[in-house]
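So this block is data16.cif, mmCIF, C-alpha atoms:
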```cif
data_target
#
loop_
_atom_site.label_atom_id
_atom_site.label_comp_id
_atom_site.auth_asym_id
_atom_site.auth_seq_id
_atom_site.Cartn_x
_atom_site.Cartn_y
_atom_site.Cartn_z
CA PRO T 1 67.00 16.89 150.29
CA ALA T 2 69.06 14.56 148.12
CA LEU T 3 70.72 11.24 148.91
CA PRO T 4 72.36 8.35 147.03
CA CYS T 5 70.03 5.79 145.51
CA GLU T 6 70.54 2.07 145.24
CA GLY T 7 72.58 1.18 142.20
CA CYS T 8 74.26 4.59 141.96
CA PRO T 9 77.37 3.94 139.82
CA HIS T 10 79.34 6.91 141.15
CA CYS T 11 78.36 7.65 144.76
CA GLY T 12 80.65 7.64 147.78
CA SER T 13 80.55 5.13 150.62
CA HIS T 14 79.47 7.69 153.27
CA LYS T 15 78.43 6.82 156.80
CA HIS T 16 75.98 4.05 155.89
CA GLY T 17 77.18 3.17 152.40
CA SER T 18 78.54 -0.21 153.47
CA VAL T 19 75.34 -1.20 155.29
CA SER T 20 73.24 -3.58 153.21
CA GLY T 21 69.95 -2.01 152.16
CA ALA T 22 70.86 1.41 153.60
CA ARG T 23 70.59 3.27 150.30
CA PHE T 24 67.16 4.36 149.16
CA SER T 25 65.53 1.89 146.79
CA GLU T 26 62.56 2.98 144.69
CA LYS T 27 61.70 -0.66 144.02
CA ALA T 28 61.76 -1.65 147.69
CA SER T 29 59.57 1.26 148.81
CA SER T 30 55.84 0.64 148.43
CA THR T 31 55.09 4.36 148.88
CA SER T 32 57.56 5.91 146.43
CA GLU T 33 56.76 7.28 143.00
CA PRO T 34 58.89 9.21 140.51
CA VAL T 35 58.29 12.88 139.85
CA VAL T 36 57.35 12.94 136.17
CA CYS T 37 58.23 15.80 133.85
CA SER T 38 54.61 16.58 133.11
CA ARG T 39 53.89 17.24 136.83
CA PRO T 40 56.87 18.95 138.54
CA PRO T 41 56.62 19.77 142.27
CA ARG T 42 54.71 22.85 143.35
CA GLY T 43 56.73 26.02 142.80
CA MET T 44 58.93 24.41 140.13
CA SER T 45 57.58 25.74 136.84
CA THR T 46 59.25 23.10 134.70
CA CYS T 47 61.81 20.33 135.07
CA ARG T 48 65.31 21.41 134.01
CA SER T 49 65.71 18.17 132.08
CA CYS T 50 64.06 14.78 131.70
CA ASP T 51 65.49 11.30 132.15
CA GLY T 52 63.17 8.68 130.74
CA GLY T 53 60.17 10.85 131.64
CA LYS T 54 61.47 11.46 135.17
CA CYS T 55 62.17 14.99 136.40
CA ALA T 56 65.97 15.21 136.49
CA TYR T 57 68.29 17.60 138.32
CA SER T 58 71.96 18.53 138.18
CA VAL T 59 73.67 20.91 140.64
CA SER T 60 77.29 22.12 140.63
CA TYR T 61 79.05 24.08 143.37
CA THR T 62 81.82 26.68 143.29
CA GLU T 63 84.50 24.46 144.83
CA GLY T 64 83.96 21.77 142.17
CA SER T 65 81.48 19.35 143.75
CA SER T 66 78.41 18.21 141.85
CA ILE T 67 75.39 15.93 142.16
CA ARG T 68 72.79 14.74 139.69
CA GLY T 69 69.85 12.36 139.58
CA HIS T 70 66.05 12.50 139.43
CA LEU T 71 63.26 13.55 141.79
CA VAL T 72 61.12 11.10 143.74
CA TYR T 73 58.11 11.35 146.07
CA ASP T 74 58.03 9.31 149.28
CA SER T 75 57.15 9.53 152.97
CA PHE T 76 59.50 11.03 155.57
CA TRP T 77 58.90 10.24 159.23
CA PHE T 78 59.33 12.89 161.92
CA GLY T 79 59.26 12.59 165.68
CA THR T 80 56.77 15.00 167.30
CA GLU T 81 55.34 15.55 170.76
CA LEU T 82 52.33 13.51 169.65
CA GLY T 83 54.35 10.64 168.21
CA ASN T 84 55.76 9.87 164.78
CA ARG T 85 54.27 11.60 161.76
CA ALA T 86 54.64 10.81 158.05
CA VAL T 87 55.12 13.69 155.61
CA ARG T 88 55.04 13.16 151.88
CA ALA T 89 57.74 15.11 150.04
CA SER T 90 59.85 15.21 146.92
CA PHE T 91 63.60 14.68 147.12
CA GLY T 92 66.63 13.97 144.96
CA CYS T 93 67.55 10.37 144.16
CA GLN T 94 71.24 10.72 143.35
CA THR T 95 72.86 8.69 140.58
CA TYR T 96 76.15 10.64 140.47
CA GLU T 97 78.35 12.48 143.00
CA SER T 98 81.71 14.20 142.60
CA GLY T 99 84.15 16.18 144.74
CA LEU T 100 83.21 16.67 148.37
CA PHE T 101 79.79 15.10 147.84
CA TYR T 102 81.57 11.88 146.89
CA SER T 103 84.06 11.95 149.79
CA GLN T 104 81.93 13.36 152.63
CA VAL T 105 80.86 11.24 155.60
CA ALA T 106 77.24 12.45 155.52
CA ASP T 107 74.86 10.31 153.49
CA GLY T 108 73.12 13.22 151.79
CA ILE T 109 72.22 16.88 151.87
CA THR T 110 69.16 18.92 152.78
CA GLY T 111 68.46 22.63 152.53
CA MET T 112 66.12 25.20 154.05
CA SER T 113 66.09 27.66 151.17
CA GLN T 114 63.22 30.10 150.92
CA GLY T 115 63.20 29.58 147.15
CA GLN T 116 61.47 26.73 145.33
CA GLY T 117 63.64 26.24 142.26
CA TYR T 118 63.37 22.48 142.74
CA GLY T 119 60.02 22.57 144.52
CA PRO T 120 59.36 23.05 148.25
CA CYS T 121 62.11 22.13 150.70
CA LEU T 122 61.45 19.32 153.19
CA PHE T 123 60.62 21.85 155.92
CA ASP T 124 57.97 23.46 153.69
CA TYR T 125 56.32 20.08 153.14
CA LEU T 126 56.39 19.47 156.91
CA ARG T 127 54.74 22.83 157.64
CA ASP T 128 52.08 22.40 154.96
CA GLN T 129 51.04 18.98 156.25
CA THR T 130 51.31 19.57 160.02
CA ARG T 131 50.72 23.34 160.40
CA ALA T 132 53.96 23.54 162.39
CA PRO T 133 55.34 27.02 163.16
CA ASN T 134 57.50 28.54 160.44
CA VAL T 135 60.62 28.38 162.61
CA PHE T 136 63.66 26.13 162.49
CA SER T 137 66.99 26.12 164.31
CA ILE T 138 70.44 24.60 163.88
CA CYS T 139 72.79 23.91 166.80
CA LEU T 140 76.28 22.56 166.05
CA SER T 141 79.11 21.55 168.33
CA GLU T 142 82.53 20.31 167.17
CA GLU T 143 81.27 16.72 167.03
CA VAL T 144 77.45 16.61 166.95
CA GLY T 145 74.44 18.83 166.48
CA ALA T 146 70.69 19.22 166.52
CA LEU T 147 68.16 20.40 163.95
CA VAL T 148 64.76 21.51 165.24
CA LEU T 149 61.98 21.93 162.68
CA GLY T 150 58.75 23.75 163.47
CA GLY T 151 59.67 24.80 167.00
CA THR T 152 58.06 27.63 168.92
CA VAL T 153 60.07 30.68 169.98
CA PRO T 154 59.43 31.12 173.74
CA PRO T 155 58.01 34.60 174.39
CA ASP T 156 60.51 35.13 177.22
CA LEU T 157 63.57 34.09 175.17
CA LYS T 158 66.23 36.77 175.70
CA ALA T 159 67.62 36.64 172.18
CA GLU T 160 68.93 39.49 170.06
CA TRP T 161 67.37 39.30 166.62
CA VAL T 162 68.89 40.31 163.30
CA PRO T 163 66.45 40.97 160.42
CA TYR T 164 67.09 39.14 157.16
CA SER T 165 65.96 39.65 153.59
CA GLY T 166 66.26 37.67 150.36
CA SER T 167 63.91 35.44 148.41
CA SER T 168 66.15 32.36 148.53
CA SER T 169 69.20 32.89 150.77
CA TYR T 170 69.13 34.43 154.26
CA VAL T 171 70.71 37.87 153.69
CA VAL T 172 71.77 39.93 156.73
CA ASP T 173 73.19 43.44 157.04
CA LEU T 174 76.68 42.90 158.47
CA VAL T 175 78.47 46.23 158.90
CA ASP T 176 81.68 45.56 160.84
CA ILE T 177 84.07 42.99 162.30
CA ARG T 178 85.95 43.81 165.49
CA VAL T 179 89.03 42.21 167.03
CA SER T 180 89.30 42.62 170.81
CA GLY T 181 86.66 45.33 170.53
CA ALA T 182 88.46 47.39 167.84
CA SER T 183 87.06 47.69 164.32
CA ILE T 184 89.23 46.23 161.56
CA GLY T 185 88.48 49.47 159.70
CA GLU T 186 86.74 48.37 156.51
CA PRO T 187 83.72 50.24 155.07
CA SER T 188 80.35 48.66 155.80
CA SER T 189 79.52 48.63 152.08
CA VAL T 190 81.95 45.75 151.41
CA TYR T 191 79.86 43.39 153.57
CA ARG T 192 76.64 44.08 151.65
CA SER T 193 74.61 40.93 150.80
CA THR T 194 76.17 38.80 153.54
CA ILE T 195 74.40 35.44 153.80
CA ILE T 196 74.04 32.89 156.59
CA ASP T 197 74.60 29.49 155.00
CA SER T 198 75.14 26.27 156.96
CA GLY T 199 75.86 24.54 153.64
CA THR T 200 79.15 26.48 153.48
CA THR T 201 81.64 25.08 155.97
CA PHE T 202 83.73 28.19 156.69
CA MET T 203 83.52 31.99 156.65
CA TYR T 204 84.21 33.88 153.42
CA LEU T 205 85.02 37.60 153.61
CA PRO T 206 85.61 40.32 151.00
CA PRO T 207 89.34 40.79 150.15
CA GLY T 208 89.98 43.77 152.47
CA PRO T 209 88.40 42.33 155.65
CA TYR T 210 89.86 38.90 154.85
CA ARG T 211 93.42 40.27 154.80
CA LYS T 212 92.87 42.02 158.15
CA VAL T 213 91.54 38.87 159.83
CA ARG T 214 94.21 36.67 158.19
CA ASP T 215 97.04 38.98 159.24
CA GLN T 216 95.72 39.11 162.80
CA TRP T 217 95.90 35.28 162.89
CA ARG T 218 99.38 35.19 161.32
CA ASN T 219 100.98 37.91 163.44
CA HIS T 220 99.44 37.76 166.93
CA CYS T 221 99.86 34.38 168.61
CA PRO T 222 99.62 33.75 172.39
CA TRP T 223 103.05 32.04 172.45
CA GLY T 224 104.85 34.97 170.79
CA ALA T 225 106.61 34.17 167.49
CA CYS T 226 103.85 32.72 165.29
CA ALA T 227 106.33 31.30 162.77
CA SER T 228 107.75 28.89 165.35
CA ARG T 229 104.54 26.81 165.28
CA VAL T 230 103.54 26.91 161.59
CA ALA T 231 102.07 23.60 160.38
CA LYS T 232 101.29 22.37 156.88
CA GLY T 233 97.68 22.72 155.73
CA GLU T 234 95.90 21.10 152.79
CA TYR T 235 95.81 24.12 150.46
CA PRO T 236 98.06 27.13 149.73
CA ASP T 237 95.69 29.53 151.52
CA ASP T 238 95.62 27.46 154.72
CA TYR T 239 97.25 29.09 157.76
CA CYS T 240 97.81 26.53 160.50
CA TYR T 241 99.66 26.13 163.78
CA THR T 242 100.50 23.31 166.12
CA MET T 243 98.84 24.20 169.43
CA SER T 244 96.72 22.99 172.32
CA THR T 245 93.08 23.92 172.79
CA ASP T 246 94.11 26.06 175.77
CA GLU T 247 96.41 28.06 173.49
CA LEU T 248 93.66 28.35 170.91
CA ARG T 249 91.35 29.93 173.48
CA ARG T 250 93.92 32.67 174.10
CA PHE T 251 93.67 34.04 170.54
CA ALA T 252 91.96 37.42 170.29
CA PRO T 253 88.14 37.39 170.41
CA HIS T 254 86.35 38.64 167.29
CA SER T 255 82.78 39.90 166.96
CA LEU T 256 80.31 40.44 164.13
CA HIS T 257 78.28 43.65 164.16
CA PHE T 258 74.99 44.16 162.35
CA ALA T 259 73.18 47.30 161.19
CA ASN T 260 70.50 47.09 163.89
CA GLY T 261 73.14 47.16 166.65
CA VAL T 262 73.29 43.43 167.42
CA ARG T 263 76.72 41.95 168.16
CA VAL T 264 77.56 38.26 167.79
CA ASN T 265 80.72 37.11 169.53
CA PHE T 266 82.97 35.19 167.22
CA ASP T 267 85.74 33.57 169.23
CA SER T 268 88.58 31.29 168.18
CA ARG T 269 86.36 28.19 168.42
CA GLN T 270 84.21 29.77 165.71
CA TYR T 271 86.93 31.13 163.42
CA ALA T 272 89.43 28.24 163.63
CA TYR T 273 89.10 24.51 163.06
CA GLU T 274 91.16 21.43 163.92
CA LEU T 275 92.58 20.03 160.68
CA ARG T 276 94.18 17.10 162.47
CA ARG T 277 94.97 16.35 166.07
CA GLY T 278 96.84 19.30 167.57
CA VAL T 279 96.84 21.35 164.35
CA TRP T 280 94.45 24.30 164.15
CA CYS T 281 93.85 26.38 161.01
CA LEU T 282 92.11 29.65 160.25
CA GLY T 283 88.58 28.92 159.01
CA VAL T 284 88.22 32.23 157.18
CA PHE T 285 88.81 32.56 153.43
CA ASP T 286 88.84 35.18 150.68
CA ASN T 287 85.47 35.59 148.96
CA GLU T 288 87.27 37.49 146.15
CA HIS T 289 84.38 39.97 145.91
CA ASN T 290 82.14 42.04 148.18
CA GLY T 291 79.68 40.27 150.44
CA ALA T 292 80.40 37.63 153.06
CA VAL T 293 79.27 34.13 154.00
CA ILE T 294 78.73 33.10 157.62
CA GLY T 295 79.19 29.34 157.43
CA ALA T 296 78.58 26.30 159.60
CA ALA T 297 81.89 26.50 161.50
CA ASN T 298 81.01 30.05 162.60
CA MET T 299 77.65 28.83 163.93
CA ARG T 300 79.18 26.36 166.39
CA ASN T 301 78.01 26.58 170.01
CA TYR T 302 75.05 28.75 169.06
CA GLU T 303 71.48 27.71 168.45
CA VAL T 304 70.88 29.70 165.28
CA ILE T 305 67.13 30.32 165.14
CA PHE T 306 65.46 31.22 161.85
CA ASP T 307 62.02 32.79 162.41
CA ARG T 308 60.71 32.81 158.85
CA ASP T 309 57.35 34.41 159.64
CA ARG T 310 59.04 37.49 161.13
CA HIS T 311 62.10 37.40 158.84
CA ARG T 312 64.63 37.43 161.64
CA VAL T 313 67.50 35.26 162.90
CA ALA T 314 69.16 34.95 166.31
CA PHE T 315 72.49 33.48 167.46
CA TYR T 316 71.65 32.12 170.93
CA PRO T 317 74.59 30.68 172.96
CA SER T 318 73.77 27.03 173.63
CA ASP T 319 75.10 23.64 174.65
CA CYS T 320 74.64 21.98 171.27
CA GLY T 321 76.04 18.68 172.51
CA GLY T 322 73.36 18.67 175.19
CA MET T 323 70.65 19.43 172.63
CA HIS T 324 71.87 16.51 170.52
CA ALA T 325 71.51 14.16 173.51
CA LEU T 326 67.86 15.06 174.13
#
```
What do you get writing this file as structure tokens?
Amino acid sequence: PALPCEGCPHCGSHKHGSVSGARFSEKASSTSEPVVCSRPPRGMSTCRSCDGGKCAYSVSYTEGSSIRGHLVYDSFWFGTELGNRAVRASFGCQTYESGLFYSQVADGITGMSQGQGYGPCLFDYLRDQTRAPNVFSICLSEEVGALVLGGTVPPDLKAEWVPYSGSSSYVVDLVDIRVSGASIGEPSSVYRSTIIDSGTTFMYLPPGPYRKVRDQWRNHCPWGACASRVAKGEYPDDYCYTMSTDELRRFAPHSLHFANGVRVNFDSRQYAYELRRGVWCLGVFDNEHNGAVIGAANMRNYEVIFDRDRHRVAFYPSDCGGMHAL
């Protein structure tokens, strides 16, 4: 994980940025200590750079966002069936944010990567210190969500599992996309190395499949002439309409098909998003190369369960708002 630190000269306001004392303070925490360059976290062979002897990091993303700072150890508190439990872990103390990291509402970021380029992820620290099962799940609705770490997969859960591979990302074998049950007609090879990534907001498809899905959205609207409802988006590749949620539900259902025969329904609430009140846009974009990304918007209204011991993932239809309220 990484979050803004007290005194950050270029960090956004975020959800709690205006609350006094809300940002992490190394000085105020009696249990914090810096990660020094001579002793990087387990799995991280060497610090990428040093800042006054502290292990520094700098990460940039494709769309232009970036974060940088240094690593710190401190205690994270988790709620468990047996009460609250402290877990000591390393995390990023941010001193600079740009792009979406600067403007986003969320205070920080955390990942569940299988790799350890910057040391273990927070979930790995939790498992090591509590012996929790190597399973986590994400459940997102349009407004809220739930993250379950170290849960147990019920033996009677009627879920359809998709195997994944990869040493860092979660790579699945997507072979086809269908619209109203009919294949869009692209070879399965173009989807090779598809990843499931909640850190990516939308879906990204190879050029051929993207054009098929885009053209379906642009040319087949439930009210007839699509052009009569076109609305302005934020970017040139945005395709948006003015419509009600009832009209949105009448767009053609899509489905994702995997090599082991599993199908995941992918309806308009997963492939479109509300840009502003009453304006809905296609949440699918051109990856500009082979391979696809199944992003957070596509995961909505499913509990997406990652069973890391058995290298499998399931999309289980769920009331994510209800999970959030528990």
Centre and edge lengths, as AutoDock Vina command-line options, for the axis-aligned box enclosing every listed atom of range 8-21 of chain T with 3 Å of padding on each of the six sides, in Å to one decimal?
```
--center_x 75.3 --center_y 2.1 --center_z 148.3 --size_x 16.7 --size_y 17.3 --size_z 23.0
```
Quick one: everything within 12 Å of Phe123 in chain T, counting all atoms listed in the file, minus sequence neighbours fewer than 5 positions away in the same chain. Send it as a PDB file with C-alpha atoms, keeping the file's coordinate frame.
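And here is the file that came out, selection_26.pdb:
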```
ATOM      1  CA  PRO T   1      67.000  16.890 150.290  1.00  0.00           C
ATOM      2  CA  PHE T  76      59.500  11.030 155.570  1.00  0.00           C
ATOM      3  CA  PHE T  78      59.330  12.890 161.920  1.00  0.00           C
ATOM      4  CA  VAL T  87      55.120  13.690 155.610  1.00  0.00           C
ATOM      5  CA  ARG T  88      55.040  13.160 151.880  1.00  0.00           C
ATOM      6  CA  ALA T  89      57.740  15.110 150.040  1.00  0.00           C
ATOM      7  CA  SER T  90      59.850  15.210 146.920  1.00  0.00           C
ATOM      8  CA  PHE T  91      63.600  14.680 147.120  1.00  0.00           C
ATOM      9  CA  THR T 110      69.160  18.920 152.780  1.00  0.00           C
ATOM     10  CA  GLY T 111      68.460  22.630 152.530  1.00  0.00           C
ATOM     11  CA  MET T 112      66.120  25.200 154.050  1.00  0.00           C
ATOM     12  CA  SER T 113      66.090  27.660 151.170  1.00  0.00           C
ATOM     13  CA  GLN T 114      63.220  30.100 150.920  1.00  0.00           C
ATOM     14  CA  GLY T 115      63.200  29.580 147.150  1.00  0.00           C
ATOM     15  CA  GLN T 116      61.470  26.730 145.330  1.00  0.00           C
ATOM     16  CA  ASP T 128      52.080  22.400 154.960  1.00  0.00           C
ATOM     17  CA  GLN T 129      51.040  18.980 156.250  1.00  0.00           C
ATOM     18  CA  THR T 130      51.310  19.570 160.020  1.00  0.00           C
ATOM     19  CA  ARG T 131      50.720  23.340 160.400  1.00  0.00           C
ATOM     20  CA  ALA T 132      53.960  23.540 162.390  1.00  0.00           C
ATOM     21  CA  PRO T 133      55.340  27.020 163.160  1.00  0.00           C
ATOM     22  CA  ASN T 134      57.500  28.540 160.440  1.00  0.00           C
ATOM     23  CA  VAL T 135      60.620  28.380 162.610  1.00  0.00           C
ATOM     24  CA  PHE T 136      63.660  26.130 162.490  1.00  0.00           C
ATOM     25  CA  SER T 137      66.990  26.120 164.310  1.00  0.00           C
ATOM     26  CA  LEU T 147      68.160  20.400 163.950  1.00  0.00           C
ATOM     27  CA  VAL T 148      64.760  21.510 165.240  1.00  0.00           C
ATOM     28  CA  LEU T 149      61.980  21.930 162.680  1.00  0.00           C
ATOM     29  CA  GLY T 150      58.750  23.750 163.470  1.00  0.00           C
ATOM     30  CA  GLY T 151      59.670  24.800 167.000  1.00  0.00           C
ATOM     31  CA  ARG T 308      60.710  32.810 158.850  1.00  0.00           C
TER      32      ARG T 308
END
```
Point to revise | Residue members of the PyMOL selection byres ((chain T and resi 244) around 12) in the file shown, as a PyMOL selection string | key: chain T and resi 222-223+229+241-243+245-251+274+276-280
Exercise for review: Report the residues retrieved by the PyMOL selection byres ((chain T and resi 197-208) around 10) from the displayed file, expressed as number ranges by chain.
Suggested key: T: 109-113, 138, 140, 169-171, 184-187, 190-192, 194-196, 209-213, 270-273, 282-299, 304
Practice item. Evaluate the PyMOL selection byres ((chain T and resi 178) around 8) here and jot the selected residues down as a VMD selection string. Key: chain T and resid 176 to 177 179 to 184 254 to 257
Those residues with C-alpha atoms, as a PDB file, in the coordinates of the input please?
```
ATOM      1  CA  ASP T 176      81.680  45.560 160.840  1.00  0.00           C
ATOM      2  CA  ILE T 177      84.070  42.990 162.300  1.00  0.00           C
ATOM      3  CA  VAL T 179      89.030  42.210 167.030  1.00  0.00           C
ATOM      4  CA  SER T 180      89.300  42.620 170.810  1.00  0.00           C
ATOM      5  CA  GLY T 181      86.660  45.330 170.530  1.00  0.00           C
ATOM      6  CA  ALA T 182      88.460  47.390 167.840  1.00  0.00           C
ATOM      7  CA  SER T 183      87.060  47.690 164.320  1.00  0.00           C
ATOM      8  CA  ILE T 184      89.230  46.230 161.560  1.00  0.00           C
ATOM      9  CA  HIS T 254      86.350  38.640 167.290  1.00  0.00           C
ATOM     10  CA  SER T 255      82.780  39.900 166.960  1.00  0.00           C
ATOM     11  CA  LEU T 256      80.310  40.440 164.130  1.00  0.00           C
ATOM     12  CA  HIS T 257      78.280  43.650 164.160  1.00  0.00           C
TER      13      HIS T 257
END
```
Would you fill the gaps in range 156-168 of chain T so it has N, CA, C and O atoms, then print it as a PDB file, in the coordinates of the input?
```pdb
ATOM      1  N   ASP T 156      59.563  34.526 176.278  1.00  0.00           N
ATOM      2  CA  ASP T 156      60.510  35.130 177.220  1.00  0.00           C
ATOM      3  C   ASP T 156      61.964  34.864 176.833  1.00  0.00           C
ATOM      4  O   ASP T 156      62.881  35.125 177.615  1.00  0.00           O
ATOM      5  N   LEU T 157      62.207  34.357 175.618  1.00  0.00           N
ATOM      6  CA  LEU T 157      63.570  34.090 175.170  1.00  0.00           C
ATOM      7  C   LEU T 157      64.332  35.412 175.030  1.00  0.00           C
ATOM      8  O   LEU T 157      63.932  36.295 174.274  1.00  0.00           O
ATOM      9  N   LYS T 158      65.429  35.540 175.743  1.00  0.00           N
ATOM     10  CA  LYS T 158      66.230  36.770 175.700  1.00  0.00           C
ATOM     11  C   LYS T 158      67.263  36.656 174.584  1.00  0.00           C
ATOM     12  O   LYS T 158      68.462  36.503 174.829  1.00  0.00           O
ATOM     13  N   ALA T 159      66.760  36.734 173.362  1.00  0.00           N
ATOM     14  CA  ALA T 159      67.620  36.640 172.180  1.00  0.00           C
ATOM     15  C   ALA T 159      67.660  37.990 171.479  1.00  0.00           C
ATOM     16  O   ALA T 159      66.682  38.749 171.497  1.00  0.00           O
ATOM     17  N   GLU T 160      68.793  38.282 170.857  1.00  0.00           N
ATOM     18  CA  GLU T 160      68.930  39.490 170.060  1.00  0.00           C
ATOM     19  C   GLU T 160      68.747  39.109 168.600  1.00  0.00           C
ATOM     20  O   GLU T 160      69.495  38.278 168.064  1.00  0.00           O
ATOM     21  N   TRP T 161      67.770  39.707 167.956  1.00  0.00           N
ATOM     22  CA  TRP T 161      67.370  39.300 166.620  1.00  0.00           C
ATOM     23  C   TRP T 161      67.960  40.216 165.551  1.00  0.00           C
ATOM     24  O   TRP T 161      68.027  41.429 165.715  1.00  0.00           O
ATOM     25  N   VAL T 162      68.372  39.591 164.462  1.00  0.00           N
ATOM     26  CA  VAL T 162      68.890  40.310 163.300  1.00  0.00           C
ATOM     27  C   VAL T 162      67.893  40.109 162.154  1.00  0.00           C
ATOM     28  O   VAL T 162      67.578  38.956 161.818  1.00  0.00           O
ATOM     29  N   PRO T 163      67.367  41.164 161.545  1.00  0.00           N
ATOM     30  CA  PRO T 163      66.450  40.970 160.420  1.00  0.00           C
ATOM     31  C   PRO T 163      67.190  40.426 159.203  1.00  0.00           C
ATOM     32  O   PRO T 163      68.380  40.713 159.007  1.00  0.00           O
ATOM     33  N   TYR T 164      66.499  39.624 158.416  1.00  0.00           N
ATOM     34  CA  TYR T 164      67.090  39.140 157.160  1.00  0.00           C
ATOM     35  C   TYR T 164      66.157  39.433 156.009  1.00  0.00           C
ATOM     36  O   TYR T 164      64.952  39.646 156.171  1.00  0.00           O
ATOM     37  N   SER T 165      66.726  39.461 154.820  1.00  0.00           N
ATOM     38  CA  SER T 165      65.960  39.650 153.590  1.00  0.00           C
ATOM     39  C   SER T 165      66.349  38.541 152.618  1.00  0.00           C
ATOM     40  O   SER T 165      67.039  37.585 152.990  1.00  0.00           O
ATOM     41  N   GLY T 166      65.923  38.671 151.368  1.00  0.00           N
ATOM     42  CA  GLY T 166      66.260  37.670 150.360  1.00  0.00           C
ATOM     43  C   GLY T 166      65.100  36.741 150.075  1.00  0.00           C
ATOM     44  O   GLY T 166      64.336  36.394 150.972  1.00  0.00           O
ATOM     45  N   SER T 167      64.989  36.340 148.820  1.00  0.00           N
ATOM     46  CA  SER T 167      63.910  35.440 148.410  1.00  0.00           C
ATOM     47  C   SER T 167      64.336  33.983 148.431  1.00  0.00           C
ATOM     48  O   SER T 167      63.496  33.085 148.411  1.00  0.00           O
ATOM     49  N   SER T 168      65.635  33.731 148.496  1.00  0.00           N
ATOM     50  CA  SER T 168      66.150  32.360 148.530  1.00  0.00           C
ATOM     51  C   SER T 168      67.104  32.195 149.707  1.00  0.00           C
ATOM     52  O   SER T 168      66.829  31.468 150.641  1.00  0.00           O
TER      53      SER T 168
END
```
